$ cat protein_35.pdb   # PDB, C-alpha atoms
ATOM      1  CA  MET A  58      16.150  -0.528   8.393
ATOM      2  CA  VAL A  59      16.487  -2.070   4.936
ATOM      3  CA  SER A  60      16.712   0.598   2.238
ATOM      4  CA  VAL A  61      14.646   0.815  -0.946
ATOM      5  CA  ALA A  62      17.755  -0.026  -2.995
ATOM      6  CA  ALA A  63      18.438  -3.135  -0.876
ATOM      7  CA  THR A  64      14.823  -4.326  -1.137
ATOM      8  CA  SER A  65      14.797  -3.735  -4.899
ATOM      9  CA  ALA A  66      18.140  -5.550  -5.323
ATOM     10  CA  LEU A  67      16.876  -8.487  -3.248
ATOM     11  CA  GLY A  68      13.577  -8.640  -5.186
ATOM     12  CA  ALA A  69      15.184  -8.346  -8.631
ATOM     13  CA  ALA A  70      17.800 -10.993  -7.772
ATOM     14  CA  PHE A  71      15.118 -13.328  -6.363
ATOM     15  CA  LEU A  72      12.820 -13.106  -9.389
ATOM     16  CA  GLY A  73      15.616 -13.226 -11.975
ATOM     17  CA  SER A  74      17.314 -16.167 -10.275
ATOM     18  CA  PHE A  75      13.984 -17.983  -9.913
ATOM     19  CA  VAL A  76      13.483 -17.935 -13.704
ATOM     20  CA  GLU A  77      17.043 -19.132 -14.348
ATOM     21  CA  ALA A  78      16.844 -21.822 -11.658
ATOM     22  CA  VAL A  79      13.617 -23.177 -13.161
ATOM     23  CA  GLU A  80      15.357 -23.471 -16.552
ATOM     24  CA  ALA A  81      18.369 -25.217 -14.997
ATOM     25  CA  LEU A  82      16.101 -27.577 -13.042
ATOM     26  CA  THR A  83      14.241 -28.527 -16.235
ATOM     27  CA  ILE A  84      17.537 -29.643 -17.832
ATOM     28  CA  VAL A  85      18.734 -31.533 -14.724
ATOM     29  CA  LEU A  86      15.354 -33.297 -14.400
ATOM     30  CA  ALA A  87      15.392 -34.253 -18.080
ATOM     31  CA  VAL A  88      18.883 -35.761 -17.689
ATOM     32  CA  GLY A  89      18.016 -37.444 -14.370
ATOM     33  CA  LEU A  90      14.795 -39.028 -15.548
ATOM     34  CA  SER A  91      16.145 -40.236 -18.893
ATOM     35  CA  ARG A  92      19.767 -41.224 -18.123
ATOM     36  CA  GLY A  93      19.762 -41.621 -14.333
ATOM     37  CA  TRP A  94      20.490 -39.311 -11.418
ATOM     38  CA  ARG A  95      24.219 -40.000 -11.251
ATOM     39  CA  PRO A  96      25.238 -38.119 -14.438
ATOM     40  CA  ALA A  97      22.586 -35.437 -13.755
ATOM     41  CA  LEU A  98      23.750 -34.705 -10.212
ATOM     42  CA  THR A  99      27.451 -35.048 -11.097
ATOM     43  CA  GLY A 100      27.066 -32.531 -13.950
ATOM     44  CA  ALA A 101      25.032 -30.142 -11.790
ATOM     45  CA  THR A 102      27.445 -30.386  -8.831
ATOM     46  CA  LEU A 103      30.518 -29.785 -11.031
ATOM     47  CA  ALA A 104      28.789 -26.765 -12.592
ATOM     48  CA  LEU A 105      27.986 -25.359  -9.141
ATOM     49  CA  ALA A 106      31.624 -25.862  -8.112
ATOM     50  CA  ALA A 107      32.811 -24.069 -11.276
ATOM     51  CA  LEU A 108      30.403 -21.217 -10.519
ATOM     52  CA  ALA A 109      31.671 -20.971  -6.937
ATOM     53  CA  ILE A 110      35.291 -20.751  -8.200
ATOM     54  CA  LEU A 111      34.301 -18.143 -10.806
ATOM     55  CA  THR A 112      32.475 -16.025  -8.228
ATOM     56  CA  ALA A 113      35.259 -16.357  -5.644
ATOM     57  CA  ALA A 114      37.837 -15.322  -8.261
ATOM     58  CA  LEU A 115      35.914 -12.406  -9.745
ATOM     59  CA  GLY A 116      34.214 -11.109  -6.589
ATOM     60  CA  PRO A 117      37.303  -9.549  -4.941
ATOM     61  CA  LEU A 118      38.269  -7.887  -8.257
ATOM     62  CA  LEU A 119      35.121  -5.756  -7.998
ATOM     63  CA  GLY A 120      36.602  -4.051  -4.943
ATOM     64  CA  LEU A 121      39.546  -2.805  -7.039
ATOM     65  CA  VAL A 122      37.330  -0.933  -9.531
ATOM     66  CA  PRO A 123      36.431   2.703  -8.671
ATOM     67  CA  ILE A 124      32.777   2.815  -7.624
ATOM     68  CA  ALA A 125      31.662   5.348 -10.295
ATOM     69  CA  LEU A 126      33.254   3.267 -13.071
ATOM     70  CA  LEU A 127      31.694   0.107 -11.608
ATOM     71  CA  GLN A 128      28.238   1.716 -11.471
ATOM     72  CA  TYR A 129      28.595   3.019 -15.026
ATOM     73  CA  SER A 130      29.799  -0.231 -16.604
ATOM     74  CA  VAL A 131      27.417  -2.424 -14.619
ATOM     75  CA  GLY A 132      24.616  -0.008 -15.550
ATOM     76  CA  ALA A 133      25.438  -0.358 -19.262
ATOM     77  CA  LEU A 134      25.523  -4.177 -19.016
ATOM     78  CA  LEU A 135      22.289  -4.204 -17.016
ATOM     79  CA  ILE A 136      20.563  -2.086 -19.652
ATOM     80  CA  LEU A 137      21.621  -4.526 -22.399
ATOM     81  CA  PHE A 138      20.625  -7.538 -20.296
ATOM     82  CA  GLY A 139      17.325  -5.975 -19.172
ATOM     83  CA  LEU A 140      16.348  -4.781 -22.673
ATOM     84  CA  ARG A 141      16.988  -8.289 -24.031
ATOM     85  CA  TRP A 142      14.628  -9.848 -21.458
ATOM     86  CA  LEU A 143      12.077  -7.065 -21.837
ATOM     87  CA  ARG A 144      11.981  -7.298 -25.633
ATOM     88  CA  LYS A 145      11.370 -11.045 -25.519
ATOM     89  CA  ALA A 146       8.756 -10.732 -22.747
ATOM     90  CA  ILE A 147       6.888  -7.960 -24.622
ATOM     91  CA  LEU A 148       6.846  -9.955 -27.879
ATOM     92  CA  ARG A 149       5.637 -13.047 -26.002
ATOM     93  CA  ALA A 150       2.964 -11.141 -24.065
ATOM     94  CA  ALA A 151       1.715  -9.569 -27.312
ATOM     95  CA  GLY A 152       1.447 -12.998 -28.943
ATOM     96  CA  ARG A 153       4.221 -12.300 -31.465
ATOM     97  CA  VAL A 154       6.537 -15.026 -30.159
ATOM     98  CA  ALA A 155       5.498 -18.382 -28.680
ATOM     99  CA  LEU A 156       5.599 -18.568 -24.875
ATOM    100  CA  HIS A 157       8.469 -20.555 -23.384
ATOM    101  CA  ASP A 158       7.098 -23.920 -22.316
ATOM    102  CA  GLU A 159       9.118 -25.846 -19.696
ATOM    103  CA  SER A 160       7.199 -29.077 -20.450
ATOM    104  CA  CYS A 161       8.114 -28.742 -24.116
ATOM    105  CA  ALA A 162      11.778 -27.979 -23.319
ATOM    106  CA  PHE A 163      11.807 -30.958 -20.937
ATOM    107  CA  ALA A 164      10.337 -33.306 -23.585
ATOM    108  CA  GLU A 165      12.824 -32.119 -26.229
ATOM    109  CA  GLU A 166      15.762 -32.617 -23.880
ATOM    110  CA  ARG A 167      14.583 -36.124 -22.905
ATOM    111  CA  GLU A 168      14.032 -37.086 -26.529
ATOM    112  CA  ALA A 169      17.527 -35.913 -27.484
ATOM    113  CA  LEU A 170      19.035 -37.897 -24.588
ATOM    114  CA  ALA A 171      16.970 -40.993 -25.414
ATOM    115  CA  ARG A 172      18.430 -41.010 -28.941
ATOM    116  CA  GLN A 173      21.889 -41.566 -27.482
ATOM    117  CA  GLY A 174      23.163 -45.108 -27.038
ATOM    118  CA  ALA A 175      23.162 -47.006 -23.771
ATOM    119  CA  GLU A 176      26.935 -47.047 -23.446
ATOM    120  CA  ARG A 177      29.043 -45.289 -20.826
ATOM    121  CA  ARG A 178      29.827 -42.449 -23.237
ATOM    122  CA  ALA A 179      26.138 -41.559 -23.248
ATOM    123  CA  ASP A 180      26.242 -41.016 -19.475
ATOM    124  CA  VAL A 181      29.224 -38.696 -19.872
ATOM    125  CA  LEU A 182      27.357 -36.741 -22.548
ATOM    126  CA  ALA A 183      24.258 -36.582 -20.316
ATOM    127  CA  GLY A 184      26.409 -35.297 -17.459
ATOM    128  CA  LEU A 185      27.828 -32.667 -19.810
ATOM    129  CA  VAL A 186      24.298 -31.554 -20.739
ATOM    130  CA  ALA A 187      23.469 -31.068 -17.036
ATOM    131  CA  PHE A 188      26.832 -29.318 -16.470
ATOM    132  CA  LYS A 189      26.342 -26.924 -19.386
ATOM    133  CA  GLY A 190      22.731 -26.169 -18.469
ATOM    134  CA  VAL A 191      23.458 -25.422 -14.815
ATOM    135  CA  LEU A 192      26.635 -23.472 -15.673
ATOM    136  CA  LEU A 193      24.954 -21.242 -18.271
ATOM    137  CA  GLU A 194      21.872 -20.494 -16.161
ATOM    138  CA  GLY A 195      24.151 -20.121 -13.125
ATOM    139  CA  VAL A 196      26.352 -17.557 -14.894
ATOM    140  CA  GLU A 197      23.193 -15.519 -15.516
ATOM    141  CA  VAL A 198      22.304 -15.769 -11.804
ATOM    142  CA  VAL A 199      25.830 -14.664 -10.817
ATOM    143  CA  PHE A 200      25.650 -11.758 -13.265
ATOM    144  CA  ILE A 201      22.245 -10.654 -11.932
ATOM    145  CA  VAL A 202      23.528 -10.783  -8.334
ATOM    146  CA  MET A 203      26.716  -8.848  -9.162
ATOM    147  CA  ALA A 204      24.931  -6.351 -11.380
ATOM    148  CA  VAL A 205      22.063  -5.404  -9.086
ATOM    149  CA  GLY A 206      24.231  -5.526  -5.971
ATOM    150  CA  ALA A 207      27.687  -4.251  -6.890
ATOM    151  CA  GLY A 208      26.759  -0.612  -7.538
ATOM    152  CA  ARG A 209      26.039   0.094  -3.852
ATOM    153  CA  GLY A 210      27.670  -2.759  -1.979
ATOM    154  CA  LEU A 211      24.397  -4.706  -1.940
ATOM    155  CA  VAL A 212      25.836  -7.993  -3.226
ATOM    156  CA  GLY A 213      24.898  -9.610   0.110
ATOM    157  CA  TYR A 214      21.213  -8.712  -0.273
ATOM    158  CA  ALA A 215      21.176  -9.715  -3.952
ATOM    159  CA  GLY A 216      22.964 -12.967  -3.086
ATOM    160  CA  LEU A 217      20.374 -13.655  -0.385
ATOM    161  CA  GLY A 218      17.552 -13.181  -2.919
ATOM    162  CA  ALA A 219      19.271 -15.465  -5.442
ATOM    163  CA  THR A 220      20.042 -18.155  -2.834
ATOM    164  CA  ALA A 221      16.427 -18.128  -1.629
ATOM    165  CA  ALA A 222      15.154 -18.476  -5.202
ATOM    166  CA  CYS A 223      17.530 -21.346  -6.045
ATOM    167  CA  ALA A 224      16.747 -23.132  -2.770
ATOM    168  CA  LEU A 225      12.998 -22.749  -3.383
ATOM    169  CA  VAL A 226      13.267 -24.122  -6.929
ATOM    170  CA  ALA A 227      15.502 -27.014  -5.772
ATOM    171  CA  ALA A 228      13.008 -27.876  -3.007
ATOM    172  CA  LEU A 229      10.075 -27.738  -5.439
ATOM    173  CA  GLY A 230      12.034 -29.927  -7.879
ATOM    174  CA  LEU A 231      12.716 -32.494  -5.135
ATOM    175  CA  VAL A 232       9.048 -32.607  -4.159
ATOM    176  CA  ILE A 233       7.332 -32.739  -7.540
ATOM    177  CA  ARG A 234      10.122 -34.202  -9.742
ATOM    178  CA  ARG A 235       8.553 -32.682 -12.809
ATOM    179  CA  PRO A 236       9.332 -29.494 -14.737
ATOM    180  CA  LEU A 237       7.768 -26.458 -13.064
ATOM    181  CA  ALA A 238       5.470 -25.813 -16.007
ATOM    182  CA  SER A 239       2.971 -23.740 -14.032
ATOM    183  CA  VAL A 240       5.517 -21.006 -13.246
ATOM    184  CA  PRO A 241       4.375 -17.864 -15.100
ATOM    185  CA  GLU A 242       7.818 -17.519 -16.658
ATOM    186  CA  ASN A 243       6.929 -14.777 -19.106
ATOM    187  CA  SER A 244       5.359 -12.587 -16.412
ATOM    188  CA  LEU A 245       8.455 -13.055 -14.239
ATOM    189  CA  LYS A 246      10.752 -12.263 -17.173
ATOM    190  CA  PHE A 247       8.661  -9.167 -17.887
ATOM    191  CA  ILE A 248       8.975  -7.929 -14.284
ATOM    192  CA  VAL A 249      12.693  -8.757 -14.103
ATOM    193  CA  GLY A 250      13.318  -7.120 -17.499
ATOM    194  CA  VAL A 251      11.641  -3.951 -16.221
ATOM    195  CA  MET A 252      13.614  -4.028 -12.943
ATOM    196  CA  LEU A 253      17.003  -4.722 -14.566
ATOM    197  CA  THR A 254      16.521  -1.989 -17.170
ATOM    198  CA  ALA A 255      15.462   0.449 -14.418
ATOM    199  CA  PHE A 256      18.493  -0.503 -12.297
ATOM    200  CA  GLY A 257      20.696  -0.004 -15.374
ATOM    201  CA  ILE A 258      19.387   3.527 -15.955
ATOM    202  CA  PHE A 259      19.792   4.309 -12.229
ATOM    203  CA  TRP A 260      23.391   3.013 -12.076
ATOM    204  CA  ILE A 261      24.361   4.815 -15.309
ATOM    205  CA  GLY A 262      23.029   8.010 -13.715
ATOM    206  CA  GLU A 263      24.989   7.347 -10.514
ATOM    207  CA  GLY A 264      28.121   6.575 -12.567
ATOM    208  CA  LEU A 265      27.740   9.874 -14.436
ATOM    209  CA  GLY A 266      27.367  11.728 -11.120
ATOM    210  CA  ALA A 267      23.621  12.449 -11.269
ATOM    211  CA  ALA A 268      21.899  13.497  -8.039
ATOM    212  CA  TRP A 269      18.624  11.598  -8.320
ATOM    213  CA  PRO A 270      15.643  13.392  -6.775
ATOM    214  CA  GLY A 271      14.477  11.313  -3.788
ATOM    215  CA  GLN A 272      17.823   9.416  -3.910
ATOM    216  CA  ASP A 273      17.093   5.648  -3.822
ATOM    217  CA  TRP A 274      13.345   6.239  -4.247
ATOM    218  CA  ALA A 275      14.151   7.271  -7.811
ATOM    219  CA  ILE A 276      14.528   3.535  -8.561
ATOM    220  CA  VAL A 277      10.796   3.090  -7.860
ATOM    221  CA  ALA A 278       9.925   5.954 -10.211
ATOM    222  CA  ILE A 279      12.190   4.546 -12.951
ATOM    223  CA  VAL A 280      10.685   1.050 -12.498
ATOM    224  CA  LEU A 281       7.200   2.555 -12.873
ATOM    225  CA  ALA A 282       8.200   4.544 -15.975
ATOM    226  CA  VAL A 283       9.843   1.526 -17.670
ATOM    227  CA  GLY A 284       6.888  -0.658 -16.628
ATOM    228  CA  CYS A 285       4.353   1.769 -18.131
ATOM    229  CA  PHE A 286       6.388   1.908 -21.343
ATOM    230  CA  ALA A 287       6.547  -1.904 -21.569
ATOM    231  CA  LEU A 288       2.833  -2.365 -20.803
ATOM    232  CA  SER A 289       1.945   0.256 -23.438
ATOM    233  CA  ALA A 290       4.130  -1.587 -25.958
ATOM    234  CA  VAL A 291       2.296  -4.847 -25.206
ATOM    235  CA  ALA A 292      -1.107  -3.128 -25.581
ATOM    236  CA  ILE A 293      -0.108  -1.502 -28.890
ATOM    237  CA  LEU A 294       1.324  -4.739 -30.315
ATOM    238  CA  ARG A 295      -1.751  -6.716 -29.185
ATOM    239  CA  GLY A 296      -3.968  -4.118 -30.891
ATOM    240  CA  ALA A 297      -1.931  -4.493 -34.072
ATOM    241  CA  VAL A 298      -2.334  -8.287 -33.893
ATOM    242  CA  ARG A 299      -6.120  -7.921 -33.500
ATOM    243  CA  ALA A 300      -6.301  -5.382 -36.352
ATOM    244  CA  THR A 301      -4.335  -7.726 -38.632
ATOM    245  CA  ALA A 302      -6.590 -10.652 -37.690
ATOM    246  CA  GLY A 303      -9.740  -8.534 -38.244
ATOM    247  CA  ALA A 304      -8.579  -7.395 -41.674
ATOM    248  CA  ARG A 305      -8.324 -11.027 -42.855
TER     249      ARG A 305
ATOM    250  CA  MET B 247      39.650 -22.403 -30.226
ATOM    251  CA  LYS B 248      36.224 -23.806 -31.037
ATOM    252  CA  VAL B 249      35.379 -24.021 -27.330
ATOM    253  CA  LEU B 250      36.553 -20.439 -26.753
ATOM    254  CA  ARG B 251      34.457 -19.198 -29.667
ATOM    255  CA  ALA B 252      31.411 -21.078 -28.334
ATOM    256  CA  ALA B 253      31.987 -19.676 -24.825
ATOM    257  CA  PHE B 254      32.316 -16.141 -26.219
ATOM    258  CA  ALA B 255      29.105 -16.588 -28.227
ATOM    259  CA  GLN B 256      27.288 -17.802 -25.088
ATOM    260  CA  ILE B 257      28.508 -14.825 -23.025
ATOM    261  CA  LEU B 258      27.624 -12.369 -25.798
ATOM    262  CA  GLY B 259      24.232 -14.051 -26.069
ATOM    263  CA  LEU B 260      23.541 -13.104 -22.429
ATOM    264  CA  PHE B 261      23.397  -9.459 -23.429
ATOM    265  CA  VAL B 262      22.656  -9.370 -27.133
ATOM    266  CA  GLU B 263      19.789 -11.004 -28.942
ATOM    267  CA  ASP B 264      18.948  -8.236 -31.365
ATOM    268  CA  ALA B 265      22.229  -6.623 -32.474
ATOM    269  CA  GLY B 266      20.419  -3.452 -33.589
ATOM    270  CA  LEU B 267      18.865  -2.941 -30.159
ATOM    271  CA  ALA B 268      22.208  -3.454 -28.403
ATOM    272  CA  LEU B 269      24.019  -1.091 -30.785
ATOM    273  CA  TRP B 270      21.447   1.715 -30.468
ATOM    274  CA  ALA B 271      21.367   1.350 -26.669
ATOM    275  CA  LEU B 272      25.191   1.510 -26.512
ATOM    276  CA  LEU B 273      25.181   4.481 -28.889
ATOM    277  CA  ALA B 274      22.687   6.319 -26.644
ATOM    278  CA  ILE B 275      24.869   5.587 -23.593
ATOM    279  CA  GLY B 276      28.054   6.645 -25.438
ATOM    280  CA  VAL B 277      26.652   9.919 -26.805
ATOM    281  CA  VAL B 278      25.165  10.908 -23.440
ATOM    282  CA  THR B 279      28.438  10.067 -21.663
ATOM    283  CA  LEU B 280      30.405  12.272 -24.085
ATOM    284  CA  LEU B 281      27.951  15.144 -23.614
ATOM    285  CA  VAL B 282      28.012  14.829 -19.813
ATOM    286  CA  LYS B 283      31.809  14.527 -19.633
ATOM    287  CA  SER B 284      32.258  17.545 -21.914
ATOM    288  CA  GLY B 285      29.991  19.536 -19.610
ATOM    289  CA  SER B 286      27.298  20.133 -22.251
ATOM    290  CA  LEU B 287      24.678  18.133 -20.367
ATOM    291  CA  ALA B 288      23.759  17.794 -16.697
ATOM    292  CA  PRO B 289      24.282  14.202 -15.393
ATOM    293  CA  LEU B 290      20.641  13.840 -14.349
ATOM    294  CA  ILE B 291      19.356  14.949 -17.760
ATOM    295  CA  GLY B 292      21.939  12.627 -19.289
ATOM    296  CA  ALA B 293      20.636   9.650 -17.277
ATOM    297  CA  LEU B 294      17.079  10.465 -18.352
ATOM    298  CA  GLY B 295      18.378  10.769 -21.924
ATOM    299  CA  VAL B 296      19.840   7.260 -21.674
ATOM    300  CA  GLY B 297      16.427   5.997 -20.545
ATOM    301  CA  LEU B 298      14.699   7.780 -23.427
ATOM    302  CA  GLY B 299      17.270   6.580 -25.969
ATOM    303  CA  CYS B 300      16.931   2.974 -24.783
ATOM    304  CA  GLY B 301      13.136   3.282 -24.900
ATOM    305  CA  LEU B 302      13.319   4.462 -28.519
ATOM    306  CA  ALA B 303      15.772   1.676 -29.416
ATOM    307  CA  LEU B 304      13.468  -0.917 -27.831
ATOM    308  CA  ALA B 305      10.437   0.499 -29.641
ATOM    309  CA  ALA B 306      12.272   0.363 -32.980
ATOM    310  CA  SER B 307      13.399  -3.210 -32.305
ATOM    311  CA  LEU B 308       9.835  -4.254 -31.416
ATOM    312  CA  VAL B 309       8.446  -2.670 -34.594
ATOM    313  CA  GLN B 310      11.073  -4.506 -36.648
ATOM    314  CA  ALA B 311      10.339  -7.818 -34.936
ATOM    315  CA  THR B 312       6.612  -7.304 -35.493
ATOM    316  CA  GLN B 313       7.117  -6.643 -39.192
ATOM    317  CA  ARG B 314       9.291  -9.752 -39.514
ATOM    318  CA  SER B 315       6.956 -12.145 -37.702
ATOM    319  CA  LYS B 316       3.331 -12.469 -38.699
ATOM    320  CA  PRO B 317       1.155 -13.655 -35.765
TER     321      PRO B 317
END
$ encode --input "protein_35.pdb" --output "structure tokens"
Amino acid sequence: MVSVAATSALGAAFLGSFVEAVEALTIVLAVGLSRGWRPALTGATLALAALAILTAALGPLLGLVPIALLQYSVGALLILFGLRWLRKAILRAAGRVALHDESCAFAEEREALARQGAERRADVLAGLVAFKGVLLEGVEVVFIVMAVGAGRGLVGYAGLGATAACALVAALGLVIRRPLASVPENSLKFIVGVMLTAFGIFWIGEGLGAAWPGQDWAIVAIVLAVGCFALSAVAILRGAVRATAGAR
Amino acid sequence: MKVLRAAFAQILGLFVEDAGLALWALLAIGVVTLLVKSGSLAPLIGALGVGLGCGLALAASLVQATQRSKP
């Protein structure tokens, strides 16, 4: 039977990777539609190869680190990563920061590429844009997989979630050939921010030697607690926005 | 050197957007770790303390961001 920790790792990796894959796809589509598919696919393929080498090189090193130290350090990194996503998602949900718009990002990227000349150098630069985009978003996917999976040997489950998300986004991109603007990116980032922060607190506890009540089920309780905190923050900030608007 | 600096900035950017939030969260983790390792705090209470500390750091960061940006 699949444990709660494995299901949570798979779910967190799927959702987090989905968001990152959508961002990478937006960049590849922008390059492909404005400069041609050759530089776009070459850049994306080279980035995927670089990611595979990076993962293959770093993966075995994880086995050399004592498990408590791994849980502790991964927990600390997850907390930083999760808080960063959560902060942005809360500010966006409360209307304090503009929502991320894939159509807008796509248009900006295309415009920037269109400004380049028609020479061969422009294709190289376009390929580099695709390479950098896929590599950066891919590094985040690799980190999410390692971070949610490494603490308990669940990298396989997390990797499965990430692969499914990337395959789904790639398939959607092939079918619609437009940026996936209808993806509720902020809601996904909010959920993933909550899950990563909760995982971080759980792993820090494990690394410090805490015996969590209910063992793995404690993750669910921590997710709920962090989620309630984040939702309350959104409600409070929205109220403050309304109060400010009413006072004008 | 320029490429290395850019790569470092990108990696740091994965974890840190608001330096204050990152610093307070790390401080909470560091203080709790010291207390747990010195035997002054039970690990479970320490883990809950990390959660509380990070919650406070996030709340402070949100308040600051709200004051900076007018809707």
$ resolve_selection --input "protein_35.pdb" --expression "the ChimeraX specification (/A :<7) & /B" --output "PyMOL selection string"
chain B and resi 260-263+268+289-290+293+296-297+304+308+312+315+317
$ atom_distance --input "protein_35.pdb" --atom1 "atom CA of Gly116 of chain A" --atom2 "atom CA of Val76 of chain A"
23.0 Å
$ resolve_selection --input "protein_35.pdb" --expression "the PyMOL selection byres ((chain A and resi 84) around 12)" --output "MDAnalysis selection string"
chainID A and resid 77:83 85:92 94 96:98 100:101 159:170 183:194 230 234:237
$ atom_distance --input "protein_35.pdb" --atom1 "atom CA of Val198 of chain A" --atom2 "atom CA of Ile248 of chain A"
15.7 Å
$ residues_around --input "protein_35.pdb" --residues "Arg209 of chain A" --least-positions-apart "4" --cutoff "10 Å" --atoms "only C-alpha atoms" --output "list in words"
Ala62, Ala63, Ala66, Ile124, Leu127, Gln128, Ala204, Val205, Trp260 and Glu263 of chain A
$ residues_around --input "protein_35.pdb" --residues "Phe75 of chain A" --least-positions-apart "6" --cutoff "7 Å" --atoms "all atoms listed in the file" --output "MDAnalysis selection string"
chainID A and resid 222:223 226
$ atom_distance --input "protein_35.pdb" --atom1 "atom CA of Ile110 of chain A" --atom2 "atom CA of Ala179 of chain A"
27.3 Å
$ resolve_selection --input "protein_35.pdb" --expression "the PyMOL selection byres ((chain B and resi 274-280) around 9)" --output "list in words"
Ala133, Ile261 and Leu265 of chain A; Leu269, Trp270, Ala271, Leu272, Leu273, Leu281, Val282, Lys283, Ser284, Gly285, Ser286, Leu287, Pro289, Gly292, Ala293, Gly295, Val296, Gly297, Leu298, Gly299, Cys300 and Ala303 of chain B
$ residues_around --input "protein_35.pdb" --residues "Asp273 of chain A" --least-positions-apart "2" --cutoff "8 Å" --atoms "only C-alpha atoms" --output "ChimeraX atom specification"
/A:60-62,269,271,275-277
$ residues_around --input "protein_35.pdb" --residues "Leu119 of chain A" --least-positions-apart "6" --cutoff "12 Å" --atoms "all atoms listed in the file" --output "ChimeraX atom specification"
/A:112-113,125-128,130-131,203-204,206-210,212
$ write_last_selection --input "protein_35.pdb" --atoms "C-alpha atoms" --output "PDB file, in the frame of the given file"
ATOM      1  CA  THR A 112      32.475 -16.025  -8.228  1.00  0.00           C
ATOM      2  CA  ALA A 113      35.259 -16.357  -5.644  1.00  0.00           C
ATOM      3  CA  ALA A 125      31.662   5.348 -10.295  1.00  0.00           C
ATOM      4  CA  LEU A 126      33.254   3.267 -13.071  1.00  0.00           C
ATOM      5  CA  LEU A 127      31.694   0.107 -11.608  1.00  0.00           C
ATOM      6  CA  GLN A 128      28.238   1.716 -11.471  1.00  0.00           C
ATOM      7  CA  SER A 130      29.799  -0.231 -16.604  1.00  0.00           C
ATOM      8  CA  VAL A 131      27.417  -2.424 -14.619  1.00  0.00           C
ATOM      9  CA  MET A 203      26.716  -8.848  -9.162  1.00  0.00           C
ATOM     10  CA  ALA A 204      24.931  -6.351 -11.380  1.00  0.00           C
ATOM     11  CA  GLY A 206      24.231  -5.526  -5.971  1.00  0.00           C
ATOM     12  CA  ALA A 207      27.687  -4.251  -6.890  1.00  0.00           C
ATOM     13  CA  GLY A 208      26.759  -0.612  -7.538  1.00  0.00           C
ATOM     14  CA  ARG A 209      26.039   0.094  -3.852  1.00  0.00           C
ATOM     15  CA  GLY A 210      27.670  -2.759  -1.979  1.00  0.00           C
ATOM     16  CA  VAL A 212      25.836  -7.993  -3.226  1.00  0.00           C
TER      17      VAL A 212
END
$ axis_aligned_box --input "protein_35.pdb" --around "segment 255-274 of chain A" --padding-each-side "8 Å" --output "AutoDock Vina command-line options"
--center_x 20.7 --center_y 6.5 --center_z -9.9 --size_x 30.8 --size_y 30.0 --size_z 28.2
